[in-house]
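Data first, discussion second: the structure below is written as structure tokens.
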Amino acid sequence: MSNEYKVPEVWTMDSENGGEWASINRPDAGARYDQALPVGSHPLQLYSLGTPNGQKVTIMLEELLADGVSEAEYDAHLIQIGEGEQFSSGFVEVNPNSKIPALVDRSTDTPVNVFESGAILFYLAEKFGRLLPKEPTARAQVMNWLFWLQGSAPYLGGGFGHFYAYAPEKFEYPINRFSMEAKRQLDVLDKQLARHAFIAGDEYSIADIAVWPWYGNLVLGKLYDAAVFLDVERYQHVLRWAKEIAQRPAVQRGRIVNRTWGEDWEILAERHHAADIDEVLNKQP
């Protein structure tokens, strides 16, 4: 008897399906319960989790603070997506798509809601005039690679990561399909970084901040435990870049914010003051 899936005329959700995250997946949007979001004392309020998309924003904020932008002080509130906290009425009001990260800028007369990690990076870069060139050609290159990441990362996360690491069963076809795409993307980056110090050229930018939490963590063996499977050692230019970015103090600080797993020195559920990060990092052996 064939096990081939028979496609119905009209799809319906008859049961939970999706492995580790199945319990929060539904084919509808909107709030599932009423609860306001907490608000801290700083101008910028971040609601997030220390996934690659969450790391983008906390690294950006720490880079801004390291560059002397005191107005970039922020509170980072934990959103536990496994518990469905992204479906609270408060979170949905900020991001109707119910995905982390979400930012509220309360430094303005009317608070500004910003969602989608790439949009948040662009908003902060524009607001503070950092990490995004003003010269048109250089700016276009940064935006090219920022949008490249926003379009490519779902193949790595929702595609490769899901079927390789999280799906309840291992299936050859999707793992092969998304492994091929993940390696193609790594090759794109490797060829670019063979010619440039950073993703978009010779200057560190929001393009690097966007790409590193996904592809940097991947080649450094910190994402999906897939470095050997994907033979990341062949992407020497990506590895060089990933290691250099990992040494930046702001990256080391930002990557642990809203993180609830790992070693003691890389777990910081919430960040409300710089000292919160210092206390955690001081545990590092």
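Ordered as shown in the structure tokens, chains take letters A, B, and onward, while each chain numbers its residues from 1 and ligands are numbered from 1 in the order shown.
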Tell me, counting only C-alpha atoms, for each residue of range 14-73 of chain A within 8 Å of range 85-107 of chain A, which pair of atoms is nearest and how far apart they are in Å to one decimal, in rows ordered by chain and increasing number, as a tab-separated table.
residue	atom	partner	partner_atom	distance
A:Ala29	CA	A:Asn97	CA	7.0
A:Gly30	CA	A:Val92	CA	6.4
A:Ala31	CA	A:Phe87	CA	4.9
A:Arg32	CA	A:Phe87	CA	5.5
A:Tyr33	CA	A:Ser88	CA	5.2
A:Asp34	CA	A:Ser89	CA	4.9
A:Gln35	CA	A:Ser88	CA	5.5
A:Ala36	CA	A:Gly90	CA	4.5
A:Leu37	CA	A:Gly90	CA	5.1
A:Pro43	CA	A:Ser107	CA	5.0
A:Leu44	CA	A:Asp105	CA	4.8
A:Gln45	CA	A:Val104	CA	5.1
A:Leu46	CA	A:Leu103	CA	4.6
A:Tyr47	CA	A:Ala102	CA	5.3
A:Ser48	CA	A:Pro101	CA	4.5
A:Leu49	CA	A:Ile100	CA	6.8
A:Asn53	CA	A:Pro101	CA	6.8
A:Gly54	CA	A:Pro101	CA	5.4
A:Val57	CA	A:Pro101	CA	7.6
Export of the given selection (all heavy atoms) as a short mmCIF file (atom, residue, chain, number, x, y, z; two decimals), in the first residue's frame:
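Contents of again07.cif, freshly written:
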data_model
loop_
_atom_site.label_atom_id
_atom_site.label_comp_id
_atom_site.auth_asym_id
_atom_site.auth_seq_id
_atom_site.Cartn_x
_atom_site.Cartn_y
_atom_site.Cartn_z
N ALA A 29 -5.18 34.18 12.75
CA ALA A 29 -4.39 35.21 13.40
C ALA A 29 -5.21 35.88 14.49
O ALA A 29 -6.40 35.63 14.64
CB ALA A 29 -3.93 36.25 12.37
N GLY A 30 -4.54 36.76 15.25
CA GLY A 30 -5.25 37.54 16.25
C GLY A 30 -4.96 37.08 17.67
O GLY A 30 -4.32 36.05 17.91
N ALA A 31 -5.43 37.87 18.63
CA ALA A 31 -5.19 37.59 20.04
C ALA A 31 -6.00 36.37 20.50
O ALA A 31 -7.13 36.17 20.08
CB ALA A 31 -5.57 38.80 20.88
N ARG A 32 -5.39 35.60 21.38
CA ARG A 32 -6.06 34.44 21.95
C ARG A 32 -6.45 34.66 23.41
O ARG A 32 -7.22 33.90 23.97
CB ARG A 32 -5.16 33.21 21.83
CG ARG A 32 -4.82 32.85 20.39
CD ARG A 32 -3.94 31.61 20.29
NE ARG A 32 -3.51 31.39 18.90
CZ ARG A 32 -2.67 30.43 18.54
NH1 ARG A 32 -2.17 29.60 19.45
NH2 ARG A 32 -2.32 30.30 17.27
N TYR A 33 -5.88 35.70 24.02
CA TYR A 33 -6.27 36.03 25.40
C TYR A 33 -5.88 37.48 25.67
O TYR A 33 -5.07 38.07 24.95
CB TYR A 33 -5.60 35.09 26.40
CG TYR A 33 -4.09 35.17 26.46
CD1 TYR A 33 -3.44 35.94 27.41
CD2 TYR A 33 -3.30 34.46 25.54
CE1 TYR A 33 -2.06 36.01 27.47
CE2 TYR A 33 -1.92 34.51 25.59
CZ TYR A 33 -1.30 35.29 26.56
OH TYR A 33 0.06 35.36 26.62
N ASP A 34 -6.48 38.07 26.70
CA ASP A 34 -6.25 39.47 27.04
C ASP A 34 -5.12 39.59 28.06
O ASP A 34 -5.19 38.98 29.14
CB ASP A 34 -7.51 40.11 27.62
CG ASP A 34 -8.60 40.30 26.58
OD1 ASP A 34 -8.24 40.54 25.41
OD2 ASP A 34 -9.79 40.20 26.92
N GLN A 35 -4.13 40.35 27.72
CA GLN A 35 -3.05 40.65 28.65
C GLN A 35 -2.20 41.79 28.09
O GLN A 35 -1.75 41.73 26.95
CB GLN A 35 -2.16 39.44 28.91
CG GLN A 35 -1.07 39.72 29.95
CD GLN A 35 -0.35 38.46 30.37
OE1 GLN A 35 -0.97 37.47 30.75
NE2 GLN A 35 0.97 38.48 30.27
N ALA A 36 -2.03 42.82 28.91
CA ALA A 36 -1.22 43.96 28.49
C ALA A 36 0.26 43.61 28.58
O ALA A 36 0.67 42.75 29.37
CB ALA A 36 -1.52 45.16 29.38
N LEU A 37 1.07 44.27 27.77
CA LEU A 37 2.51 44.08 27.81
C LEU A 37 3.12 44.91 28.94
O LEU A 37 2.65 46.01 29.23
CB LEU A 37 3.15 44.50 26.49
CG LEU A 37 2.86 43.62 25.27
CD1 LEU A 37 3.44 44.27 24.02
CD2 LEU A 37 3.43 42.22 25.46
N PRO A 43 13.36 54.43 26.83
CA PRO A 43 12.61 54.86 25.65
C PRO A 43 12.19 53.72 24.74
O PRO A 43 11.13 53.77 24.13
CB PRO A 43 13.59 55.80 24.93
CG PRO A 43 14.59 56.21 25.95
CD PRO A 43 14.70 55.07 26.90
N LEU A 44 13.03 52.70 24.64
CA LEU A 44 12.77 51.60 23.73
C LEU A 44 12.36 50.35 24.51
O LEU A 44 13.06 49.93 25.44
CB LEU A 44 14.00 51.30 22.88
CG LEU A 44 14.49 52.44 21.99
CD1 LEU A 44 15.79 52.07 21.30
CD2 LEU A 44 13.43 52.83 20.96
N GLN A 45 11.22 49.79 24.12
CA GLN A 45 10.70 48.59 24.76
C GLN A 45 10.69 47.45 23.75
O GLN A 45 10.00 47.53 22.73
CB GLN A 45 9.28 48.84 25.29
CG GLN A 45 9.20 49.95 26.33
CD GLN A 45 9.93 49.57 27.62
OE1 GLN A 45 9.61 48.56 28.23
NE2 GLN A 45 10.90 50.38 28.01
N LEU A 46 11.47 46.41 24.04
CA LEU A 46 11.59 45.27 23.15
C LEU A 46 10.89 44.07 23.76
O LEU A 46 11.06 43.78 24.95
CB LEU A 46 13.07 44.94 22.91
CG LEU A 46 13.37 43.74 22.02
CD1 LEU A 46 12.89 43.98 20.58
CD2 LEU A 46 14.86 43.41 22.05
N TYR A 47 10.13 43.36 22.93
CA TYR A 47 9.42 42.16 23.36
C TYR A 47 9.90 41.03 22.46
O TYR A 47 9.61 41.02 21.27
CB TYR A 47 7.91 42.38 23.25
CG TYR A 47 7.45 43.59 24.04
CD1 TYR A 47 7.37 44.84 23.44
CD2 TYR A 47 7.18 43.48 25.40
CE1 TYR A 47 7.00 45.96 24.17
CE2 TYR A 47 6.81 44.60 26.15
CZ TYR A 47 6.72 45.84 25.53
OH TYR A 47 6.37 46.95 26.26
N SER A 48 10.64 40.06 23.06
CA SER A 48 11.38 39.17 22.18
C SER A 48 11.80 37.89 22.88
O SER A 48 11.45 37.62 24.04
CB SER A 48 12.62 39.91 21.65
OG SER A 48 13.24 39.21 20.61
N LEU A 49 12.55 37.08 22.16
CA LEU A 49 13.17 35.86 22.64
C LEU A 49 14.50 35.74 21.91
O LEU A 49 14.63 36.22 20.78
CB LEU A 49 12.27 34.64 22.33
CG LEU A 49 12.74 33.27 22.80
CD1 LEU A 49 12.72 33.18 24.32
CD2 LEU A 49 11.85 32.16 22.21
N ASN A 53 16.29 35.71 15.10
CA ASN A 53 15.60 36.97 14.80
C ASN A 53 15.62 37.91 15.99
O ASN A 53 15.74 39.13 15.84
CB ASN A 53 14.17 36.69 14.35
CG ASN A 53 14.10 36.18 12.93
OD1 ASN A 53 14.99 36.43 12.12
ND2 ASN A 53 13.04 35.46 12.62
N GLY A 54 15.50 37.37 17.19
CA GLY A 54 15.59 38.22 18.37
C GLY A 54 16.98 38.77 18.58
O GLY A 54 17.15 39.93 18.96
N VAL A 57 18.09 42.22 16.91
CA VAL A 57 17.71 43.50 17.49
C VAL A 57 18.53 43.80 18.74
O VAL A 57 18.99 44.94 18.93
CB VAL A 57 16.21 43.55 17.79
CG1 VAL A 57 15.82 44.89 18.40
CG2 VAL A 57 15.41 43.31 16.50
#
For range 140-253 of chain A against range 62-66 of chain A, with a cut-off of 10 Å and counting only C-alpha atoms, what is the closest atom pair and its distance in Å to one decimal for every residue that makes the cut, ordered by chain and number, as a Markdown table?
| residue | atom | partner | partner_atom | distance |
| --- | --- | --- | --- | --- |
| A:Ile209 | CA | A:Glu63 | CA | 9.4 |
| A:Arg248 | CA | A:Glu63 | CA | 9.0 |
| A:Pro249 | CA | A:Glu63 | CA | 8.4 |
| A:Ala250 | CA | A:Glu62 | CA | 5.0 |
| A:Val251 | CA | A:Glu62 | CA | 7.3 |
| A:Gln252 | CA | A:Glu62 | CA | 9.2 |
| A:Arg253 | CA | A:Glu62 | CA | 6.8 |
Could you write out the selected residues, including N, CA, C and O atoms, as an mmCIF file, in the first residue's frame?
data_model
loop_
_atom_site.group_PDB
_atom_site.id
_atom_site.type_symbol
_atom_site.label_atom_id
_atom_site.label_comp_id
_atom_site.auth_asym_id
_atom_site.auth_seq_id
_atom_site.Cartn_x
_atom_site.Cartn_y
_atom_site.Cartn_z
ATOM 1 N N ILE A 209 24.631 42.490 10.984
ATOM 2 C CA ILE A 209 23.837 42.228 12.188
ATOM 3 C C ILE A 209 22.644 41.332 11.865
ATOM 4 O O ILE A 209 22.253 40.486 12.673
ATOM 5 N N ARG A 248 33.088 40.686 18.621
ATOM 6 C CA ARG A 248 32.665 42.045 18.940
ATOM 7 C C ARG A 248 31.969 42.059 20.304
ATOM 8 O O ARG A 248 31.038 41.266 20.544
ATOM 9 N N PRO A 249 32.364 42.951 21.212
ATOM 10 C CA PRO A 249 31.736 42.983 22.536
ATOM 11 C C PRO A 249 30.218 43.161 22.486
ATOM 12 O O PRO A 249 29.497 42.524 23.264
ATOM 13 N N ALA A 250 29.734 44.001 21.576
ATOM 14 C CA ALA A 250 28.290 44.223 21.498
ATOM 15 C C ALA A 250 27.558 42.963 21.050
ATOM 16 O O ALA A 250 26.419 42.711 21.468
ATOM 17 N N VAL A 251 28.191 42.163 20.193
ATOM 18 C CA VAL A 251 27.586 40.900 19.761
ATOM 19 C C VAL A 251 27.553 39.917 20.927
ATOM 20 O O VAL A 251 26.549 39.228 21.156
ATOM 21 N N GLN A 252 28.636 39.854 21.689
ATOM 22 C CA GLN A 252 28.671 38.974 22.845
ATOM 23 C C GLN A 252 27.618 39.363 23.873
ATOM 24 O O GLN A 252 27.040 38.490 24.537
ATOM 25 N N ARG A 253 27.340 40.660 23.985
ATOM 26 C CA ARG A 253 26.321 41.128 24.917
ATOM 27 C C ARG A 253 24.913 40.866 24.362
ATOM 28 O O ARG A 253 24.047 40.324 25.047
#
Taking only range 15-114 of chain A into account, list the residues labelled strand (DSSP E) by DSSP (computed from the backbone), as a PyMOL selection string.
chain A and resi 44-48+74-78+102-105+112-114
Which residue, A:Thr108, A:Asn282, A:Ser179, A:Asn144, has the smallest gap to Gly158 in chain A when you use only C-alpha atoms?
A:Ser179
Among A:Tyr123, A:Tyr224, A:Phe198, A:Phe229, Lys243 in chain A is approached most closely, using only C-alpha atoms, by A:Phe198
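Nearest residue to His237 in chain A, choosing from A:Phe163, A:Tyr215, A:Phe115, A:Tyr173 and counting only C-alpha atoms: A:Tyr215.
We find CA of Gln80 in chain A and CA of Ile24 in chain A to be spaced 11.2 Å apart.
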